[in-house]
>>> print(open('input32.pdb').read())   # PDB, C-alpha atoms, pLDDT in the B column
MODEL        1
ATOM      1  CA  MET A  13     -21.411  -1.826 -29.351  1.00 50.00           C
ATOM      2  CA  LYS A  14     -22.669   1.143 -27.335  1.00 49.00           C
ATOM      3  CA  SER A  15     -25.660  -0.860 -26.087  1.00 52.00           C
ATOM      4  CA  VAL A  16     -23.338  -3.635 -24.900  1.00 43.00           C
ATOM      5  CA  PHE A  17     -21.259  -1.105 -22.944  1.00 39.00           C
ATOM      6  CA  ILE A  18     -24.382   0.337 -21.316  1.00 43.00           C
ATOM      7  CA  PHE A  19     -25.609  -3.156 -20.422  1.00 44.00           C
ATOM      8  CA  ILE A  20     -22.287  -4.072 -18.787  1.00 38.00           C
ATOM      9  CA  SER A  21     -22.193  -0.783 -16.865  1.00 41.00           C
ATOM     10  CA  LEU A  22     -25.698  -1.336 -15.539  1.00 44.00           C
ATOM     11  CA  LEU A  23     -24.864  -4.923 -14.619  1.00 43.00           C
ATOM     12  CA  ILE A  24     -21.841  -3.781 -12.588  1.00 40.00           C
ATOM     13  CA  MET A  25     -23.901  -1.153 -10.770  1.00 46.00           C
ATOM     14  CA  LEU A  26     -26.622  -3.661 -10.007  1.00 47.00           C
ATOM     15  CA  CYS A  27     -24.142  -6.351  -8.915  1.00 49.00           C
ATOM     16  CA  PRO A  28     -21.601  -4.719  -6.578  1.00 50.00           C
ATOM     17  CA  ALA A  29     -20.150  -8.161  -5.871  1.00 48.00           C
ATOM     18  CA  PHE A  30     -18.340  -7.872  -9.232  1.00 52.00           C
ATOM     19  CA  SER A  31     -16.049  -5.226  -7.734  1.00 71.00           C
ATOM     20  CA  GLN A  32     -15.597  -6.918  -4.363  1.00 84.00           C
ATOM     21  CA  SER A  33     -12.342  -8.397  -3.152  1.00 93.00           C
ATOM     22  CA  ARG A  34     -12.062 -11.934  -1.808  1.00 94.00           C
ATOM     23  CA  MET A  35     -12.105 -10.611   1.771  1.00 96.00           C
ATOM     24  CA  GLU A  36     -15.218  -8.544   1.107  1.00 96.00           C
ATOM     25  CA  HIS A  37     -16.944 -11.605  -0.341  1.00 96.00           C
ATOM     26  CA  TYR A  38     -15.983 -13.492   2.825  1.00 97.00           C
ATOM     27  CA  LEU A  39     -17.373 -10.755   5.089  1.00 98.00           C
ATOM     28  CA  ASP A  40     -20.587 -10.808   3.074  1.00 96.00           C
ATOM     29  CA  SER A  41     -20.802 -14.567   3.566  1.00 96.00           C
ATOM     30  CA  LEU A  42     -20.681 -14.032   7.336  1.00 97.00           C
ATOM     31  CA  GLY A  43     -23.680 -11.722   7.117  1.00 97.00           C
ATOM     32  CA  LEU A  44     -21.728  -8.519   7.699  1.00 98.00           C
ATOM     33  CA  VAL A  45     -22.708  -5.342   5.853  1.00 98.00           C
ATOM     34  CA  ASN A  46     -20.814  -2.579   4.075  1.00 98.00           C
ATOM     35  CA  VAL A  47     -21.658   0.527   6.117  1.00 98.00           C
ATOM     36  CA  GLY A  48     -20.532   2.879   3.363  1.00 97.00           C
ATOM     37  CA  ARG A  49     -23.210   1.464   1.072  1.00 97.00           C
ATOM     38  CA  MET A  50     -25.819   1.842   3.800  1.00 97.00           C
ATOM     39  CA  ASP A  51     -25.028   5.534   4.281  1.00 98.00           C
ATOM     40  CA  PRO A  52     -22.824   7.257   1.661  1.00 97.00           C
ATOM     41  CA  THR A  53     -22.490  10.331   3.924  1.00 96.00           C
ATOM     42  CA  LEU A  54     -20.194   8.330   6.230  1.00 98.00           C
ATOM     43  CA  LYS A  55     -16.511   8.920   5.556  1.00 98.00           C
ATOM     44  CA  ILE A  56     -14.496   5.723   5.176  1.00 98.00           C
ATOM     45  CA  ASP A  57     -10.733   5.964   5.712  1.00 98.00           C
ATOM     46  CA  LEU A  58      -9.476   2.573   6.871  1.00 98.00           C
ATOM     47  CA  MET A  59      -6.148   3.272   8.567  1.00 98.00           C
ATOM     48  CA  TYR A  60      -4.757  -0.230   8.079  1.00 98.00           C
ATOM     49  CA  THR A  61      -4.886   0.111   4.295  1.00 98.00           C
ATOM     50  CA  ARG A  62      -1.837   2.390   4.754  1.00 97.00           C
ATOM     51  CA  ALA A  63       1.475   1.977   6.537  1.00 97.00           C
ATOM     52  CA  ASP A  64       1.033   5.061   8.771  1.00 95.00           C
ATOM     53  CA  ASN A  65      -0.377   3.074  11.677  1.00 96.00           C
ATOM     54  CA  PHE A  66       1.269   1.785  14.852  1.00 96.00           C
ATOM     55  CA  THR A  67       2.613  -1.339  13.096  1.00 97.00           C
ATOM     56  CA  GLY A  68       4.256   0.634  10.288  1.00 96.00           C
ATOM     57  CA  LYS A  69       2.831  -1.832   7.765  1.00 97.00           C
ATOM     58  CA  VAL A  70      -0.123  -2.185   5.408  1.00 98.00           C
ATOM     59  CA  LEU A  71      -2.381  -4.777   7.052  1.00 98.00           C
ATOM     60  CA  TYR A  72      -5.437  -4.616   4.779  1.00 97.00           C
ATOM     61  CA  GLU A  73      -4.254  -5.555   1.306  1.00 94.00           C
ATOM     62  CA  ASP A  74      -7.607  -7.070   0.355  1.00 94.00           C
ATOM     63  CA  LEU A  75     -10.046  -4.796   2.185  1.00 97.00           C
ATOM     64  CA  GLN A  76     -11.007  -1.217   1.347  1.00 96.00           C
ATOM     65  CA  GLU A  77     -14.535  -1.017   2.792  1.00 97.00           C
ATOM     66  CA  ALA A  78     -15.825  -0.836   6.377  1.00 98.00           C
ATOM     67  CA  TYR A  79     -17.972  -3.831   7.362  1.00 98.00           C
ATOM     68  CA  LEU A  80     -19.949  -4.397  10.564  1.00 98.00           C
ATOM     69  CA  HIS A  81     -22.532  -6.789  11.936  1.00 98.00           C
ATOM     70  CA  PRO A  82     -25.965  -5.468  10.835  1.00 98.00           C
ATOM     71  CA  GLU A  83     -26.934  -4.595  14.426  1.00 98.00           C
ATOM     72  CA  ALA A  84     -23.759  -2.577  14.949  1.00 98.00           C
ATOM     73  CA  ALA A  85     -24.121  -0.946  11.517  1.00 98.00           C
ATOM     74  CA  LYS A  86     -27.678   0.170  12.265  1.00 98.00           C
ATOM     75  CA  ALA A  87     -26.518   1.772  15.524  1.00 98.00           C
ATOM     76  CA  LEU A  88     -23.637   3.512  13.740  1.00 98.00           C
ATOM     77  CA  LEU A  89     -26.069   5.102  11.302  1.00 98.00           C
ATOM     78  CA  GLN A  90     -28.064   6.373  14.275  1.00 98.00           C
ATOM     79  CA  ALA A  91     -24.903   7.954  15.686  1.00 98.00           C
ATOM     80  CA  GLN A  92     -24.284   9.662  12.342  1.00 98.00           C
ATOM     81  CA  LYS A  93     -27.748  11.223  12.493  1.00 97.00           C
ATOM     82  CA  ARG A  94     -27.050  12.612  15.968  1.00 97.00           C
ATOM     83  CA  LEU A  95     -24.146  14.784  14.774  1.00 98.00           C
ATOM     84  CA  TYR A  96     -24.383  18.493  13.994  1.00 94.00           C
ATOM     85  CA  PRO A  97     -25.559  19.322  10.452  1.00 95.00           C
ATOM     86  CA  GLY A  98     -22.642  19.022   8.052  1.00 96.00           C
ATOM     87  CA  TYR A  99     -20.572  16.900  10.416  1.00 98.00           C
ATOM     88  CA  SER A 100     -19.834  13.246   9.656  1.00 98.00           C
ATOM     89  CA  LEU A 101     -18.330  10.230  11.329  1.00 98.00           C
ATOM     90  CA  ILE A 102     -15.012   9.024   9.919  1.00 98.00           C
ATOM     91  CA  ILE A 103     -14.587   5.240  10.057  1.00 98.00           C
ATOM     92  CA  TYR A 104     -10.944   4.266  10.560  1.00 98.00           C
ATOM     93  CA  ASP A 105     -11.515   0.580  11.258  1.00 98.00           C
ATOM     94  CA  ALA A 106     -14.452  -1.784  11.625  1.00 98.00           C
ATOM     95  CA  ALA A 107     -14.592  -5.561  11.038  1.00 98.00           C
ATOM     96  CA  ARG A 108     -11.093  -7.011  11.302  1.00 98.00           C
ATOM     97  CA  PRO A 109      -9.979 -10.563  10.448  1.00 98.00           C
ATOM     98  CA  MET A 110      -8.291 -12.523  13.234  1.00 98.00           C
ATOM     99  CA  SER A 111      -5.326 -13.035  10.913  1.00 97.00           C
ATOM    100  CA  VAL A 112      -4.736  -9.259  10.993  1.00 98.00           C
ATOM    101  CA  GLN A 113      -5.284  -9.229  14.745  1.00 98.00           C
ATOM    102  CA  GLN A 114      -2.421 -11.703  15.059  1.00 98.00           C
ATOM    103  CA  LYS A 115      -0.112  -9.421  13.074  1.00 97.00           C
ATOM    104  CA  MET A 116      -0.966  -6.538  15.407  1.00 98.00           C
ATOM    105  CA  TRP A 117      -0.387  -8.700  18.476  1.00 98.00           C
ATOM    106  CA  ASN A 118       2.996  -9.787  17.168  1.00 98.00           C
ATOM    107  CA  VAL A 119       4.098  -6.133  17.172  1.00 97.00           C
ATOM    108  CA  VAL A 120       3.167  -5.422  20.812  1.00 97.00           C
ATOM    109  CA  LYS A 121       3.563  -8.768  22.605  1.00 97.00           C
ATOM    110  CA  GLY A 122       6.265  -8.632  25.258  1.00 96.00           C
ATOM    111  CA  THR A 123       6.070  -4.823  25.409  1.00 96.00           C
ATOM    112  CA  SER A 124       4.229  -2.340  27.619  1.00 95.00           C
ATOM    113  CA  GLN A 125       1.942  -1.593  24.655  1.00 96.00           C
ATOM    114  CA  ASN A 126       0.351  -5.045  24.710  1.00 96.00           C
ATOM    115  CA  ILE A 127      -2.538  -3.613  26.758  1.00 96.00           C
ATOM    116  CA  TYR A 128      -3.756  -1.842  23.615  1.00 97.00           C
ATOM    117  CA  VAL A 129      -4.155  -4.940  21.427  1.00 98.00           C
ATOM    118  CA  SER A 130      -6.397  -7.917  22.170  1.00 97.00           C
ATOM    119  CA  ASN A 131      -4.581 -11.253  22.231  1.00 97.00           C
ATOM    120  CA  PRO A 132      -5.893 -13.611  19.515  1.00 97.00           C
ATOM    121  CA  ALA A 133      -5.083 -16.577  21.745  1.00 95.00           C
ATOM    122  CA  ARG A 134      -7.723 -15.272  24.155  1.00 94.00           C
ATOM    123  CA  GLY A 135     -10.377 -14.763  21.515  1.00 94.00           C
ATOM    124  CA  GLY A 136      -9.276 -11.413  20.148  1.00 96.00           C
ATOM    125  CA  GLY A 137     -11.480  -8.345  20.449  1.00 97.00           C
ATOM    126  CA  LEU A 138     -14.820  -7.021  19.244  1.00 98.00           C
ATOM    127  CA  HIS A 139     -13.367  -5.911  15.887  1.00 98.00           C
ATOM    128  CA  ASN A 140     -12.916  -9.614  15.155  1.00 98.00           C
ATOM    129  CA  TYR A 141     -16.694 -10.082  15.264  1.00 98.00           C
ATOM    130  CA  GLY A 142     -17.696  -6.929  13.373  1.00 98.00           C
ATOM    131  CA  LEU A 143     -18.950  -5.467  16.657  1.00 98.00           C
ATOM    132  CA  ALA A 144     -16.462  -2.633  17.211  1.00 98.00           C
ATOM    133  CA  VAL A 145     -15.547   0.492  15.294  1.00 98.00           C
ATOM    134  CA  ASP A 146     -12.688   2.998  15.383  1.00 98.00           C
ATOM    135  CA  VAL A 147     -14.201   6.358  14.602  1.00 98.00           C
ATOM    136  CA  SER A 148     -13.803  10.126  14.770  1.00 98.00           C
ATOM    137  CA  ILE A 149     -15.663  13.203  13.482  1.00 98.00           C
ATOM    138  CA  ALA A 150     -15.133  15.390  10.420  1.00 98.00           C
ATOM    139  CA  ASP A 151     -16.374  18.982  10.217  1.00 98.00           C
ATOM    140  CA  GLU A 152     -18.311  20.631   7.375  1.00 96.00           C
ATOM    141  CA  LYS A 153     -15.127  20.896   5.293  1.00 96.00           C
ATOM    142  CA  GLY A 154     -14.256  17.241   5.814  1.00 96.00           C
ATOM    143  CA  ASN A 155     -11.414  17.949   8.229  1.00 97.00           C
ATOM    144  CA  PRO A 156     -11.078  15.658  11.270  1.00 98.00           C
ATOM    145  CA  LEU A 157     -11.818  17.447  14.538  1.00 98.00           C
ATOM    146  CA  PRO A 158      -8.759  17.688  16.812  1.00 98.00           C
ATOM    147  CA  MET A 159      -8.905  15.052  19.530  1.00 98.00           C
ATOM    148  CA  GLY A 160      -5.552  15.513  21.260  1.00 98.00           C
ATOM    149  CA  THR A 161      -3.842  12.543  19.594  1.00 98.00           C
ATOM    150  CA  LYS A 162      -3.837  10.776  16.288  1.00 97.00           C
ATOM    151  CA  VAL A 163      -6.098   7.783  15.917  1.00 97.00           C
ATOM    152  CA  ASP A 164      -4.062   4.680  16.807  1.00 96.00           C
ATOM    153  CA  HIS A 165      -1.908   6.500  19.383  1.00 97.00           C
ATOM    154  CA  LEU A 166      -0.864   3.904  21.945  1.00 97.00           C
ATOM    155  CA  GLY A 167      -0.354   5.937  25.104  1.00 97.00           C
ATOM    156  CA  LYS A 168      -1.984   7.626  28.075  1.00 97.00           C
ATOM    157  CA  GLU A 169      -2.814  10.720  26.011  1.00 98.00           C
ATOM    158  CA  ALA A 170      -5.512   8.665  24.265  1.00 98.00           C
ATOM    159  CA  HIS A 171      -7.152   7.526  27.524  1.00 98.00           C
ATOM    160  CA  ILE A 172     -10.609   8.906  28.275  1.00 98.00           C
ATOM    161  CA  ASP A 173     -10.712   8.595  32.071  1.00 97.00           C
ATOM    162  CA  THR A 174      -8.056  11.251  32.744  1.00 97.00           C
ATOM    163  CA  GLU A 175      -9.116  13.859  30.193  1.00 98.00           C
ATOM    164  CA  ALA A 176     -10.007  16.569  32.708  1.00 97.00           C
ATOM    165  CA  ALA A 177      -6.590  16.242  34.345  1.00 98.00           C
ATOM    166  CA  MET A 178      -4.872  16.254  30.945  1.00 98.00           C
ATOM    167  CA  VAL A 179      -6.589  19.537  30.090  1.00 98.00           C
ATOM    168  CA  GLN A 180      -5.324  21.053  33.339  1.00 98.00           C
ATOM    169  CA  GLN A 181      -1.826  19.760  32.601  1.00 98.00           C
ATOM    170  CA  GLY A 182      -1.881  21.124  29.049  1.00 98.00           C
ATOM    171  CA  ILE A 183      -1.596  17.668  27.477  1.00 98.00           C
ATOM    172  CA  ILE A 184      -4.831  18.156  25.529  1.00 98.00           C
ATOM    173  CA  THR A 185      -6.887  21.311  25.068  1.00 98.00           C
ATOM    174  CA  ALA A 186     -10.361  22.025  26.387  1.00 98.00           C
ATOM    175  CA  GLN A 187     -11.663  22.024  22.798  1.00 98.00           C
ATOM    176  CA  GLU A 188     -10.099  18.641  22.107  1.00 98.00           C
ATOM    177  CA  ARG A 189     -11.808  17.243  25.175  1.00 98.00           C
ATOM    178  CA  LYS A 190     -15.091  18.817  24.062  1.00 98.00           C
ATOM    179  CA  ASN A 191     -14.710  17.084  20.688  1.00 98.00           C
ATOM    180  CA  ARG A 192     -14.100  13.744  22.402  1.00 98.00           C
ATOM    181  CA  LEU A 193     -17.185  14.248  24.543  1.00 98.00           C
ATOM    182  CA  LEU A 194     -19.273  14.950  21.438  1.00 98.00           C
ATOM    183  CA  LEU A 195     -18.021  11.734  19.843  1.00 98.00           C
ATOM    184  CA  ARG A 196     -18.785   9.720  22.960  1.00 98.00           C
ATOM    185  CA  ARG A 197     -22.232  11.258  23.300  1.00 98.00           C
ATOM    186  CA  VAL A 198     -23.414  10.401  19.790  1.00 98.00           C
ATOM    187  CA  MET A 199     -21.913   6.914  19.973  1.00 98.00           C
ATOM    188  CA  THR A 200     -23.226   6.004  23.415  1.00 98.00           C
ATOM    189  CA  ASP A 201     -26.653   7.445  22.619  1.00 98.00           C
ATOM    190  CA  ALA A 202     -26.726   5.019  19.682  1.00 98.00           C
ATOM    191  CA  GLY A 203     -25.878   2.031  21.895  1.00 98.00           C
ATOM    192  CA  TYR A 204     -22.084   1.813  21.742  1.00 98.00           C
ATOM    193  CA  LYS A 205     -19.734   1.689  24.738  1.00 98.00           C
ATOM    194  CA  PRO A 206     -16.385   3.519  24.805  1.00 98.00           C
ATOM    195  CA  LEU A 207     -13.036   1.900  25.533  1.00 98.00           C
ATOM    196  CA  ARG A 208     -11.141   3.469  28.434  1.00 97.00           C
ATOM    197  CA  SER A 209      -7.741   3.483  26.737  1.00 97.00           C
ATOM    198  CA  GLU A 210      -8.687   4.676  23.221  1.00 98.00           C
ATOM    199  CA  TRP A 211     -10.934   7.694  22.615  1.00 98.00           C
ATOM    200  CA  TRP A 212     -11.742   6.458  19.085  1.00 98.00           C
ATOM    201  CA  HIS A 213     -12.757   2.873  19.920  1.00 98.00           C
ATOM    202  CA  PHE A 214     -16.364   1.841  20.593  1.00 98.00           C
ATOM    203  CA  ASN A 215     -17.841  -1.615  21.256  1.00 98.00           C
ATOM    204  CA  PHE A 216     -21.405  -2.616  20.459  1.00 98.00           C
ATOM    205  CA  ARG A 217     -21.439  -5.842  22.477  1.00 98.00           C
ATOM    206  CA  SER A 218     -19.368  -7.356  25.276  1.00 97.00           C
ATOM    207  CA  ARG A 219     -16.734 -10.003  24.562  1.00 96.00           C
ATOM    208  CA  GLU A 220     -18.807 -12.591  26.379  1.00 96.00           C
ATOM    209  CA  GLU A 221     -21.832 -11.843  24.184  1.00 97.00           C
ATOM    210  CA  ALA A 222     -19.678 -11.923  21.051  1.00 97.00           C
ATOM    211  CA  LYS A 223     -18.129 -15.299  21.843  1.00 95.00           C
ATOM    212  CA  ARG A 224     -21.528 -16.741  22.738  1.00 96.00           C
ATOM    213  CA  ASN A 225     -23.719 -15.376  19.938  1.00 96.00           C
ATOM    214  CA  TYR A 226     -21.634 -14.150  17.000  1.00 97.00           C
ATOM    215  CA  LYS A 227     -19.238 -15.540  14.380  1.00 95.00           C
ATOM    216  CA  VAL A 228     -15.556 -14.718  14.577  1.00 97.00           C
ATOM    217  CA  ILE A 229     -13.879 -13.358  11.427  1.00 98.00           C
ATOM    218  CA  ARG A 230     -10.961 -15.588  10.536  1.00 95.00           C
TER     219      ARG A 230
ENDMDL
END
>>> encode(input="input32.pdb", output="structure tokens")
Amino acid sequence: MKSVFIFISLLIMLCPAFSQSRMEHYLDSLGLVNVGRMDPTLKIDLMYTRADNFTGKVLYEDLQEAYLHPEAAKALLQAQKRLYPGYSLIIYDAARPMSVQQKMWNVVKGTSQNIYVSNPARGGGLHNYGLAVDVSIADEKGNPLPMGTKVDHLGKEAHIDTEAAMVQQGIITAQERKNRLLLRRVMTDAGYKPLRSEWWHFNFRSREEAKRNYKVIR
């Protein structure tokens, strides 16, 4: 009986697909990769698995792991290596199905916040191709560095092009800006491009490249 238990345990470890959800199987079938398996030092904390996001709802009921296109995943691992010793990237969102994108759009359409969510009718955004990541930095104790706003804050305080002025106005602190600059440096050095309106969001390809050369996640 003991030998059977050991055999089953080994089989599960050797075949991670046994513990995958239907969505994770689907992402695998598209050729996307689980970044947490590629580098266990990355911290994975998908914000849409909880209701404390801008929609107020759980959007990922069948997804607990962060997936990316292999090219984007490889670059993310390079960014992780560029951090200070003991620091780690925190992944708050990565590959996102278009069905979830639609739910997000439904919350903001017709409001002034619609600039923060890509319209599925226009092809969605880079998350919908596994080519974008929402990310921050954790210190040696695992605590997220202060960045001036929460991840998923839809407002000017999250914009990156007015940070110097926001420091002068007391909206964010000089240290919070320094932390944002560190995040942008390691991500851009690895090949990602920041998004003007969200300090945590980074794209690995342009929308035109994504639509032309990559598969959308339905």
>>> resolve_selection(input="input32.pdb", expression="the PyMOL selection byres ((chain A and resi 49) around 12)", output="list in words")
Pro28, Val45, Asn46, Val47, Gly48, Met50, Asp51, Pro52, Thr53, Leu54, Lys55, Ile56, Glu77, Ala78, Tyr79, Leu80, Ala85 and Leu89 of chain A
>>> write_last_selection(input="input32.pdb", atoms="C-alpha atoms", output="mmCIF file, in the frame of the given file")
data_model
loop_
_atom_site.group_PDB
_atom_site.id
_atom_site.type_symbol
_atom_site.label_atom_id
_atom_site.label_comp_id
_atom_site.auth_asym_id
_atom_site.auth_seq_id
_atom_site.Cartn_x
_atom_site.Cartn_y
_atom_site.Cartn_z
ATOM 1 C CA PRO A 28 -21.601 -4.719 -6.578
ATOM 2 C CA VAL A 45 -22.708 -5.342 5.853
ATOM 3 C CA ASN A 46 -20.814 -2.579 4.075
ATOM 4 C CA VAL A 47 -21.658 0.527 6.117
ATOM 5 C CA GLY A 48 -20.532 2.879 3.363
ATOM 6 C CA MET A 50 -25.819 1.842 3.800
ATOM 7 C CA ASP A 51 -25.028 5.534 4.281
ATOM 8 C CA PRO A 52 -22.824 7.257 1.661
ATOM 9 C CA THR A 53 -22.490 10.331 3.924
ATOM 10 C CA LEU A 54 -20.194 8.330 6.230
ATOM 11 C CA LYS A 55 -16.511 8.920 5.556
ATOM 12 C CA ILE A 56 -14.496 5.723 5.176
ATOM 13 C CA GLU A 77 -14.535 -1.017 2.792
ATOM 14 C CA ALA A 78 -15.825 -0.836 6.377
ATOM 15 C CA TYR A 79 -17.972 -3.831 7.362
ATOM 16 C CA LEU A 80 -19.949 -4.397 10.564
ATOM 17 C CA ALA A 85 -24.121 -0.946 11.517
ATOM 18 C CA LEU A 89 -26.069 5.102 11.302
#
>>> resolve_selection(input="input32.pdb", expression="the PyMOL selection byres ((chain A and resi 174) around 12)", output="ChimeraX atom specification")
/A:168-173,175-181,183-184,189,208-211
>>> closest_residue(input="input32.pdb", among="A:Ser100, A:Asn131, A:Asn140, A:Gln32", to="Ala222 of chain A", atoms="only C-alpha atoms")
A:Asn140
>>> atom_distance(input="input32.pdb", atom1="atom CA of Phe214 of chain A", atom2="atom CA of His165 of chain A")
15.2 Å
>>> closest_atom_pairs(input="input32.pdb", of="segment 38-95 of chain A", to="segment 152-163 of chain A", cutoff="10 Å", atoms="only C-alpha atoms", output="JSON lines")
{"residue": "A:Lys55", "atom": "CA", "partner": "A:Gly154", "partner_atom": "CA", "distance": 8.6}
{"residue": "A:Met59", "atom": "CA", "partner": "A:Val163", "partner_atom": "CA", "distance": 8.6}
{"residue": "A:Asn65", "atom": "CA", "partner": "A:Val163", "partner_atom": "CA", "distance": 8.5}
{"residue": "A:Phe66", "atom": "CA", "partner": "A:Val163", "partner_atom": "CA", "distance": 9.6}
>>> write_last_selection(input="input32.pdb", atoms="C-alpha atoms", output="PDB file, keeping the file's coordinate frame")
ATOM      1  CA  LYS A  55     -16.511   8.920   5.556  1.00 98.00           C
ATOM      2  CA  MET A  59      -6.148   3.272   8.567  1.00 98.00           C
ATOM      3  CA  ASN A  65      -0.377   3.074  11.677  1.00 96.00           C
ATOM      4  CA  PHE A  66       1.269   1.785  14.852  1.00 96.00           C
TER       5      PHE A  66
END
>>> residues_near_point(input="input32.pdb", point="(-9.9, -0.7, 17.9)", cutoff="9 Å", atoms="only C-alpha atoms", output="list in words")
Tyr104, Asp105, Ala106, Tyr128, Val129, Gly137, Leu138, His139, Ala144, Val145, Asp146, Val147, Asp164, Leu207, Glu210, Trp212, His213, Phe214 and Asn215 of chain A
>>> resolve_selection(input="input32.pdb", expression="the PyMOL selection byres ((chain A and resi 74) around 9)", output="count of residues only")
10
>>> axis_aligned_box(input="input32.pdb", around="segment 177-183 of chain A", padding_each_side="8 Å", output="AutoDock Vina command-line options")
--center_x -4.1 --center_y 18.7 --center_z 30.9 --size_x 21.0 --size_y 20.9 --size_z 22.9
>>> atom_distance(input="input32.pdb", atom1="atom CA of Leu44 of chain A", atom2="atom CA of Gly142 of chain A")
7.1 Å
>>> closest_residue(input="input32.pdb", among="A:Thr123, A:Ser148, A:Ser218, A:Gln92", to="Asp57 of chain A", atoms="all atoms listed in the file")
A:Ser148
>>> residues_around(input="input32.pdb", residues="Arg94 of chain A", least_positions_apart="5", cutoff="9 Å", atoms="all atoms listed in the file", output="number ranges by chain")
A: 89, 197-199, 201-202
>>> build_atoms(input="input32.pdb", residues="segment 199-205 of chain A", atoms="all heavy atoms", output="short mmCIF file (atom, residue, chain, number, x, y, z; two decimals), in the frame of the given file")
data_model
loop_
_atom_site.label_atom_id
_atom_site.label_comp_id
_atom_site.auth_asym_id
_atom_site.auth_seq_id
_atom_site.Cartn_x
_atom_site.Cartn_y
_atom_site.Cartn_z
N MET A 199 -22.11 8.36 20.05
CA MET A 199 -21.91 6.91 19.97
C MET A 199 -22.64 6.18 21.09
O MET A 199 -23.29 5.15 20.85
CB MET A 199 -20.42 6.59 19.99
CG MET A 199 -19.67 7.04 18.74
SD MET A 199 -20.23 6.25 17.20
CE MET A 199 -19.57 4.59 17.41
N THR A 200 -22.55 6.69 22.30
CA THR A 200 -23.23 6.00 23.42
C THR A 200 -24.73 6.14 23.31
O THR A 200 -25.47 5.22 23.67
CB THR A 200 -22.73 6.54 24.77
OG1 THR A 200 -22.91 7.96 24.83
CG2 THR A 200 -21.26 6.21 24.98
N ASP A 201 -25.21 7.29 22.82
CA ASP A 201 -26.65 7.44 22.62
C ASP A 201 -27.19 6.43 21.62
O ASP A 201 -28.37 6.05 21.67
CB ASP A 201 -26.98 8.86 22.14
CG ASP A 201 -26.91 9.89 23.25
OD1 ASP A 201 -26.73 9.50 24.42
OD2 ASP A 201 -27.02 11.10 22.95
N ALA A 202 -26.32 5.99 20.70
CA ALA A 202 -26.73 5.02 19.68
C ALA A 202 -26.55 3.57 20.15
O ALA A 202 -26.91 2.65 19.42
CB ALA A 202 -25.93 5.24 18.40
N GLY A 203 -25.99 3.38 21.35
CA GLY A 203 -25.88 2.03 21.90
C GLY A 203 -24.48 1.48 22.01
O GLY A 203 -24.29 0.34 22.44
N TYR A 204 -23.47 2.26 21.63
CA TYR A 204 -22.08 1.81 21.74
C TYR A 204 -21.51 2.14 23.12
O TYR A 204 -22.00 3.03 23.82
CB TYR A 204 -21.22 2.49 20.68
CG TYR A 204 -21.30 1.85 19.31
CD1 TYR A 204 -22.28 2.22 18.40
CD2 TYR A 204 -20.37 0.88 18.93
CE1 TYR A 204 -22.34 1.63 17.14
CE2 TYR A 204 -20.43 0.30 17.67
CZ TYR A 204 -21.41 0.68 16.79
OH TYR A 204 -21.47 0.10 15.55
N LYS A 205 -20.44 1.43 23.48
CA LYS A 205 -19.73 1.69 24.74
C LYS A 205 -18.29 2.05 24.43
O LYS A 205 -17.63 1.39 23.62
CB LYS A 205 -19.79 0.46 25.65
CG LYS A 205 -21.20 0.13 26.12
CD LYS A 205 -21.19 -1.08 27.06
CE LYS A 205 -22.61 -1.40 27.54
NZ LYS A 205 -22.65 -2.59 28.42
#
